[in-house]
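So the structure is just underneath, and the comments pick up after that.
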Amino acid sequence: MNTVNDRGLTRAEKQKMPVALDVAVEVAKANGVCIRPILLRRLDTCTGTTEDVNVPCGSTREAVCPPCARRNKQLRKAQCREGWHLEAEPVTAPDPATEDQRWLIEFRADVQAKRDTAERDGMSEEVADWDAAIQAIDEEIRAAGMRGTLTGRTAPRRSRSTRRRQDAPDLPRRTMRPTTLGRAFTGSGGKVFRPSLFITLTLPSYGRIQAGRGVPVDPSSYDYARAARDALHFSKLVDRFVQNLRRVAGYDVQYFATVEPQKRLAPHLHMAIRGTLPRAEVKAIAAATYHQVWWPEADTVRFEGEHLPVWAPRPDLPEGQSYPDGQTGDYLDPATGEVLPTWHEALDRLDQDETAEPLHVIRFGDQIDVQGVLAGTPDADQCIRYLSKYLTKSLGESLDADDPARRDHAARLVEALRYEPCSPTCPNWLRYGIQPKGAKPGMTPGRCRSKAHKPEHLGYAGRRVLVSRKWSNKTLAEHKRDRRTWALEALGLADDPTATDPHRYVWKPVPAGDADTPSLALRLLRMVAERQRWRATLLALEARADGEPTRDLSVMREAA
């Protein structure tokens, strides 16, 4: 076999030889090992010893790290399966307060009363001292094992009329029941069924689409501006749908949902719901759901090209003080020197205008699919697979790079998103003569760094997986610990509680260029060898359970 040092080989023949690091990466992928591990240095505060630990990157995208993406996908499937068809409430009541916790609350009330008295008497120095004491007591309350806050909302909240639009149908509202479970049905044989729903919601049409390709028949008539705004605010529409669904259902509906792109590159929603409602009722809820975006007007361009607002610093304030809006300067009109209205000033003008209309109103489209699903059926497994089908890909990865029409369609959508404000802090507001919230120097319209403007997200900047709090009563980290516990029990290893003690270990990233840092290839090889030892132990345990001859497990446990 020829080697790279063989002088008889041509450059082309040497270039055809596989790269050792690339082969190591492929082997790591085949063994389910993270190919982009993060090296952290762990200091044991009890013994004073340090150890370098390879921590998986945890990426959810297969294009970045396939093993981590697949692992996250399996966790999501387990989370969906565990919470979908529950037969008992997953929520536990809070534990009763201890004597120490009650004493802290009483002490906090006494200090608050003294602080309020000092404020009424105009004693500003005492008020500052009491505020410092209250802050320290609040920290003790959190350390005592109580959640929540006693201060409440400190900033004023803008509110608008909740009167429904005249063009939206009214919805029935049932009395809420304190449960997260849907209705149960008893069959003729006495068996109890608790069906659930699988719902698919889409956005409306923006123009005729070529069947099977997802590109507009006439790009010039396709409403890219509306498509861009709908994608930017799609997550708010989903929140409204859940609110309406709970009001009509009459109980605390729990859901597991994923946001995926259609062929036309518009986001749509797949949602697993615990409990069941009539299909006609669900479709009526979707038809009556809308979200109004009460933002300043963003259709008239005031600044573009070389004619852009300029930054002017504000006068310095005494040390420890800041302006109410948090800004250190303002953007001015370059021609007149006029200060552009801040975000809060623009909203105040909008509130004072009784004839004002929302910047945008987003609704669902007519294509709504509602399916009934029973626990333990092939349909339930198929729906779970469908929910997690595209979780390892970004929204933009559905684009067919070999189809020029689809590439052009995506480019036009990204261009429509370029100058569309994605949030109150978006620099694109300068284009329309408004300072973004928390404006700072260096902002330029069309150069927002939010992921909503990036081609791989296609305008949707929200979470890809939406899980209600009471779905399984577990976080994703808790599901991960469950899998870890199962693996350790299967390997016959005892779980070391000190390994995850947050007070015993101090974790720090290993700085780049550290002389003791092994190469990526060497770290991958060690992780692959460790994974193979674990797999060999599992196979031996399975063989022993089946009555087949096995190797000495004590040696394998020691190696693992």
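By order of appearance in the structure tokens: chains A, B, ..., then residues from 1 within every chain, and ligands from 1 in the order shown.
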
Residues within 12 Å of A:Asp516, only C-alpha atoms, excluding chain neighbours under 3 positions, as a list of chain:residue names |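 In the requested format, the answer is A:Leu39, A:Arg41, A:Glu51, A:Asp52, A:Val510, A:Pro511, A:Ala512, A:Gly513, A:Ser519.
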
Could you pull the residues within 10 Å of stretch 87-92 of chain A, counting only C-alpha atoms, minus those fewer than 3 positions along the same chain, as a list in words?
->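 Here the qualifying residues turn out to be Gly83, Trp84, Asp95, Thr179, Thr180, Leu181, Gly182, Ala184, Phe193, Arg194, Arg469, Lys470, Trp471, Ser472, Asn473 and Lys474 of chain A.
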
Among the residues A:Leu171, A:Val238, A:Leu347, A:Cys448, the one that comes closest to A:Glu420 [using only C-alpha atoms] =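 Under the stated criterion, the closest residue is A:Cys448.
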
Running DSSP on the backbone, which parts of stretch 347-555 of chain A land in strand (DSSP E), as a PyMOL selection string?
-> chain A and resi 360-363+368-373+465-467+505-509

Could you name the residues that touch A:Ala143 at 12 Å or less, counting only C-alpha atoms, but leaving out those on the same chain fewer than 4 positions away, as a compact mmCIF listing (two decimals) with N, CA and C atoms, in the first residue's frame?
```txt
# COMPACT_ATOMS: atom_id res chain seq x y z
N ASP A 100 -38.70 28.76 58.70
CA ASP A 100 -37.71 29.75 58.27
C ASP A 100 -38.22 30.58 57.10
N GLN A 101 -38.90 29.93 56.17
CA GLN A 101 -39.43 30.67 55.02
C GLN A 101 -40.50 31.66 55.44
N LEU A 104 -38.86 34.65 57.09
CA LEU A 104 -38.25 35.55 56.12
C LEU A 104 -39.30 36.47 55.49
N ALA A 136 -31.03 42.45 49.81
CA ALA A 136 -30.34 41.35 50.48
C ALA A 136 -31.33 40.30 51.00
N ILE A 137 -32.46 40.77 51.53
CA ILE A 137 -33.47 39.83 52.03
C ILE A 137 -34.07 39.03 50.88
N ASP A 138 -34.31 39.68 49.74
CA ASP A 138 -34.84 38.94 48.58
C ASP A 138 -33.89 37.85 48.13
N GLU A 139 -32.60 38.11 48.19
CA GLU A 139 -31.63 37.07 47.84
C GLU A 139 -31.69 35.91 48.83
N ARG A 147 -39.63 30.24 45.09
CA ARG A 147 -39.58 30.75 43.72
C ARG A 147 -40.52 31.95 43.59
N GLY A 148 -40.31 32.70 42.53
CA GLY A 148 -41.12 33.90 42.32
C GLY A 148 -40.46 35.11 42.93
```

Can you tell me, as number ranges by chain, what residues are no more than 12 Å from A:Val53 when counting only C-alpha atoms, ignoring any on the same chain fewer than 5 positions away?
-> A: 37-43, 507-510, 517-518, 523, 526-527

File dump, residues just selected, N, CA and C atoms, as a PDB file, in the first residue's frame:
```
ATOM      1  N   PRO A  37     -16.592  18.698  20.250  1.00  0.00           N
ATOM      2  CA  PRO A  37     -16.643  18.757  21.716  1.00  0.00           C
ATOM      3  C   PRO A  37     -15.986  20.019  22.252  1.00  0.00           C
ATOM      4  N   ILE A  38     -16.564  20.520  23.326  1.00  0.00           N
ATOM      5  CA  ILE A  38     -16.035  21.704  24.009  1.00  0.00           C
ATOM      6  C   ILE A  38     -15.183  21.225  25.184  1.00  0.00           C
ATOM      7  N   LEU A  39     -13.948  21.645  25.200  1.00  0.00           N
ATOM      8  CA  LEU A  39     -13.028  21.211  26.255  1.00  0.00           C
ATOM      9  C   LEU A  39     -13.136  22.165  27.441  1.00  0.00           C
ATOM     10  N   LEU A  40     -13.553  21.615  28.600  1.00  0.00           N
ATOM     11  CA  LEU A  40     -13.669  22.377  29.831  1.00  0.00           C
ATOM     12  C   LEU A  40     -12.727  21.792  30.881  1.00  0.00           C
ATOM     13  N   ARG A  41     -12.215  22.654  31.697  1.00  0.00           N
ATOM     14  CA  ARG A  41     -11.319  22.230  32.784  1.00  0.00           C
ATOM     15  C   ARG A  41     -12.100  22.267  34.093  1.00  0.00           C
ATOM     16  N   ARG A  42     -12.173  21.112  34.751  1.00  0.00           N
ATOM     17  CA  ARG A  42     -12.957  20.973  35.972  1.00  0.00           C
ATOM     18  C   ARG A  42     -12.028  20.924  37.180  1.00  0.00           C
ATOM     19  N   LEU A  43     -12.250  21.833  38.117  1.00  0.00           N
ATOM     20  CA  LEU A  43     -11.462  21.891  39.346  1.00  0.00           C
ATOM     21  C   LEU A  43     -12.294  21.331  40.494  1.00  0.00           C
ATOM     22  N   TRP A 507     -16.048  24.937  36.878  1.00  0.00           N
ATOM     23  CA  TRP A 507     -15.798  24.663  35.455  1.00  0.00           C
ATOM     24  C   TRP A 507     -15.308  25.935  34.781  1.00  0.00           C
ATOM     25  N   LYS A 508     -14.257  25.792  33.967  1.00  0.00           N
ATOM     26  CA  LYS A 508     -13.728  26.905  33.194  1.00  0.00           C
ATOM     27  C   LYS A 508     -13.357  26.429  31.793  1.00  0.00           C
ATOM     28  N   PRO A 509     -13.600  27.246  30.778  1.00  0.00           N
ATOM     29  CA  PRO A 509     -13.176  26.861  29.428  1.00  0.00           C
ATOM     30  C   PRO A 509     -11.664  26.852  29.316  1.00  0.00           C
ATOM     31  N   VAL A 510     -11.145  25.903  28.575  1.00  0.00           N
ATOM     32  CA  VAL A 510      -9.706  25.836  28.349  1.00  0.00           C
ATOM     33  C   VAL A 510      -9.349  26.889  27.312  1.00  0.00           C
ATOM     34  N   THR A 517      -3.495  21.203  25.888  1.00  0.00           N
ATOM     35  CA  THR A 517      -4.715  20.807  25.180  1.00  0.00           C
ATOM     36  C   THR A 517      -4.396  19.797  24.084  1.00  0.00           C
ATOM     37  N   PRO A 518      -4.982  18.597  24.134  1.00  0.00           N
ATOM     38  CA  PRO A 518      -4.752  17.633  23.052  1.00  0.00           C
ATOM     39  C   PRO A 518      -5.467  18.068  21.783  1.00  0.00           C
ATOM     40  N   ARG A 523      -8.761  13.825  20.899  1.00  0.00           N
ATOM     41  CA  ARG A 523      -9.933  13.847  21.785  1.00  0.00           C
ATOM     42  C   ARG A 523     -11.059  13.002  21.208  1.00  0.00           C
ATOM     43  N   ARG A 526     -10.315   9.280  21.830  1.00  0.00           N
ATOM     44  CA  ARG A 526     -10.584   8.869  23.208  1.00  0.00           C
ATOM     45  C   ARG A 526     -12.082   8.740  23.461  1.00  0.00           C
ATOM     46  N   MET A 527     -12.865   9.655  22.930  1.00  0.00           N
ATOM     47  CA  MET A 527     -14.311   9.583  23.108  1.00  0.00           C
ATOM     48  C   MET A 527     -14.899   8.387  22.378  1.00  0.00           C
TER      49      MET A 527
END
```

Pick from A:Arg464, A:Arg449, A:Lys480, A:Arg363 nearest to A:Thr202, counting only C-alpha atoms | A:Arg363

From a DSSP pass on the backbone, collect the residues of stretch 452-527 of chain A flagged as helix (DSSP H, G or I) and hand them back as a ChimeraX atom specification.
-> /A:452-453,476-491,497-500,520-527

Kindly export the residues of the current selection with N, CA, C and O atoms, as a short mmCIF file (atom, residue, chain, number, x, y, z; two decimals), in the first residue's frame.
```cif
data_model
loop_
_atom_site.label_atom_id
_atom_site.label_comp_id
_atom_site.auth_asym_id
_atom_site.auth_seq_id
_atom_site.Cartn_x
_atom_site.Cartn_y
_atom_site.Cartn_z
N ALA A 452 -33.73 36.49 12.64
CA ALA A 452 -34.90 36.56 11.76
C ALA A 452 -34.52 37.01 10.36
O ALA A 452 -35.19 36.66 9.38
N HIS A 453 -33.44 37.78 10.22
CA HIS A 453 -33.03 38.29 8.92
C HIS A 453 -32.06 37.35 8.20
O HIS A 453 -31.66 37.65 7.07
N LEU A 476 -36.34 19.52 29.51
CA LEU A 476 -35.53 18.67 28.64
C LEU A 476 -34.31 18.15 29.39
O LEU A 476 -33.87 17.02 29.16
N ALA A 477 -33.75 18.95 30.29
CA ALA A 477 -32.61 18.49 31.09
C ALA A 477 -33.00 17.32 31.98
O ALA A 477 -32.21 16.38 32.19
N GLU A 478 -34.22 17.34 32.51
CA GLU A 478 -34.67 16.22 33.35
C GLU A 478 -34.88 14.96 32.52
O GLU A 478 -34.59 13.85 32.99
N HIS A 479 -35.38 15.10 31.30
CA HIS A 479 -35.48 13.93 30.42
C HIS A 479 -34.09 13.38 30.10
O HIS A 479 -33.89 12.16 30.02
N LYS A 480 -33.13 14.27 29.95
CA LYS A 480 -31.76 13.83 29.68
C LYS A 480 -31.20 13.06 30.88
O LYS A 480 -30.52 12.04 30.73
N ARG A 481 -31.49 13.53 32.10
CA ARG A 481 -31.04 12.81 33.29
C ARG A 481 -31.70 11.45 33.40
O ARG A 481 -31.08 10.48 33.88
N ASP A 482 -32.96 11.35 32.99
CA ASP A 482 -33.63 10.05 33.00
C ASP A 482 -32.92 9.06 32.08
O ASP A 482 -32.73 7.89 32.44
N ARG A 483 -32.52 9.52 30.92
CA ARG A 483 -31.79 8.64 29.99
C ARG A 483 -30.43 8.27 30.56
O ARG A 483 -29.98 7.13 30.41
N ARG A 484 -29.78 9.20 31.23
CA ARG A 484 -28.49 8.91 31.84
C ARG A 484 -28.63 7.87 32.94
O ARG A 484 -27.82 6.95 33.06
N THR A 485 -29.69 8.01 33.76
CA THR A 485 -29.91 7.04 34.83
C THR A 485 -30.16 5.65 34.27
O THR A 485 -29.64 4.65 34.78
N TRP A 486 -30.95 5.58 33.19
CA TRP A 486 -31.22 4.28 32.57
C TRP A 486 -29.94 3.66 32.04
O TRP A 486 -29.70 2.46 32.20
N ALA A 487 -29.10 4.48 31.39
CA ALA A 487 -27.85 3.95 30.83
C ALA A 487 -26.92 3.44 31.93
O ALA A 487 -26.31 2.37 31.80
N LEU A 488 -26.83 4.18 33.04
CA LEU A 488 -25.96 3.73 34.12
C LEU A 488 -26.47 2.45 34.75
O LEU A 488 -25.69 1.54 35.09
N GLU A 489 -27.80 2.35 34.92
CA GLU A 489 -28.36 1.11 35.48
C GLU A 489 -28.14 -0.07 34.54
O GLU A 489 -27.84 -1.18 34.98
N ALA A 490 -28.26 0.18 33.23
CA ALA A 490 -28.04 -0.91 32.27
C ALA A 490 -26.58 -1.34 32.27
O ALA A 490 -26.27 -2.53 32.07
N LEU A 491 -25.67 -0.40 32.50
CA LEU A 491 -24.24 -0.73 32.53
C LEU A 491 -23.81 -1.31 33.88
O LEU A 491 -22.67 -1.75 34.02
N PRO A 497 -23.40 10.94 42.95
CA PRO A 497 -24.11 12.23 43.13
C PRO A 497 -23.18 13.42 43.18
O PRO A 497 -23.59 14.54 42.89
N THR A 498 -21.90 13.20 43.51
CA THR A 498 -20.97 14.33 43.57
C THR A 498 -20.54 14.79 42.19
O THR A 498 -19.99 15.89 42.04
N ALA A 499 -20.79 13.95 41.16
CA ALA A 499 -20.35 14.32 39.81
C ALA A 499 -21.10 15.52 39.28
O ALA A 499 -20.60 16.26 38.43
N THR A 500 -22.33 15.73 39.75
CA THR A 500 -23.15 16.86 39.30
C THR A 500 -23.38 17.88 40.40
O THR A 500 -24.27 18.72 40.29
N LEU A 520 -7.86 17.90 18.39
CA LEU A 520 -9.24 17.45 18.22
C LEU A 520 -9.28 15.98 17.83
O LEU A 520 -10.13 15.22 18.34
N ALA A 521 -8.38 15.56 16.96
CA ALA A 521 -8.37 14.15 16.55
C ALA A 521 -8.13 13.23 17.74
O ALA A 521 -8.80 12.19 17.88
N LEU A 522 -7.20 13.59 18.61
CA LEU A 522 -6.91 12.75 19.77
C LEU A 522 -8.09 12.71 20.73
O LEU A 522 -8.44 11.64 21.28
N ARG A 523 -8.76 13.83 20.90
CA ARG A 523 -9.93 13.85 21.79
C ARG A 523 -11.06 13.00 21.21
O ARG A 523 -11.77 12.30 21.94
N LEU A 524 -11.25 13.06 19.89
CA LEU A 524 -12.27 12.23 19.26
C LEU A 524 -11.95 10.75 19.42
O LEU A 524 -12.85 9.93 19.68
N LEU A 525 -10.69 10.38 19.27
CA LEU A 525 -10.31 8.97 19.43
C LEU A 525 -10.61 8.48 20.83
O LEU A 525 -11.10 7.35 21.03
N ARG A 526 -10.31 9.28 21.83
CA ARG A 526 -10.58 8.87 23.21
C ARG A 526 -12.08 8.74 23.46
O ARG A 526 -12.53 7.81 24.14
N MET A 527 -12.87 9.66 22.93
CA MET A 527 -14.31 9.58 23.11
C MET A 527 -14.90 8.39 22.38
O MET A 527 -15.83 7.74 22.87
#
```

For A:Gly433, work out the shell of residues within 9 Å, counting only C-alpha atoms and skipping chain neighbours fewer than 5 positions away, then give it as a count of residues only.
-> 8

Selected residue of minimal separation from A:Thr377 among A:Ser196, A:Thr276, A:Thr45, A:Thr425, counting only C-alpha atoms = A:Ser196

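Nearest residue to A:Ala380 among A:Lys77, A:Arg157, A:Lys283, A:Lys29 is A:Lys77, counting only C-alpha atoms.
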
In Å to one decimal, how far is atom CA of A:Pro502 from atom CA of A:Thr49?
-> 16.0 Å

Can you work out the spacing between atom CA of A:Gln292 and atom CA of A:Ile362 in Å, to one decimal?
->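 For atom CA of A:Gln292 relative to atom CA of A:Ile362, the distance reads 6.7 Å.
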
Nearest to A:Pro445, chosen from A:Cys422, A:Ile134, A:Val253, A:Leu350, with only C-alpha atoms counted in the distances |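 Once distances to A:Pro445 are computed over only C-alpha atoms, the minimum belongs to A:Cys422.
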
Write out as a PyMOL selection string each polymer residue whose atoms come within 12 Å of A:Pro315, counting only C-alpha atoms; drop sequence neighbours fewer than 4 positions from it.
-> chain A and resi 321-323+327-330

Quick one: everything within 7 Å of A:Lys73, counting only C-alpha atoms, minus sequence neighbours fewer than 5 positions away in the same chain. Send it as number ranges by chain.
-> A: 388, 391-392

Using C-alpha atoms, can you export the residues from the last selection as a tab-separated table (two decimals), in the first residue's frame?
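Everything below was put into selection-v2.tsv:
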```
chain	number	residue	atom	x	y	z
A	388	SER	CA	-39.57	15.51	15.08
A	391	LEU	CA	-35.89	19.17	14.07
A	392	THR	CA	-32.30	18.55	12.99
```
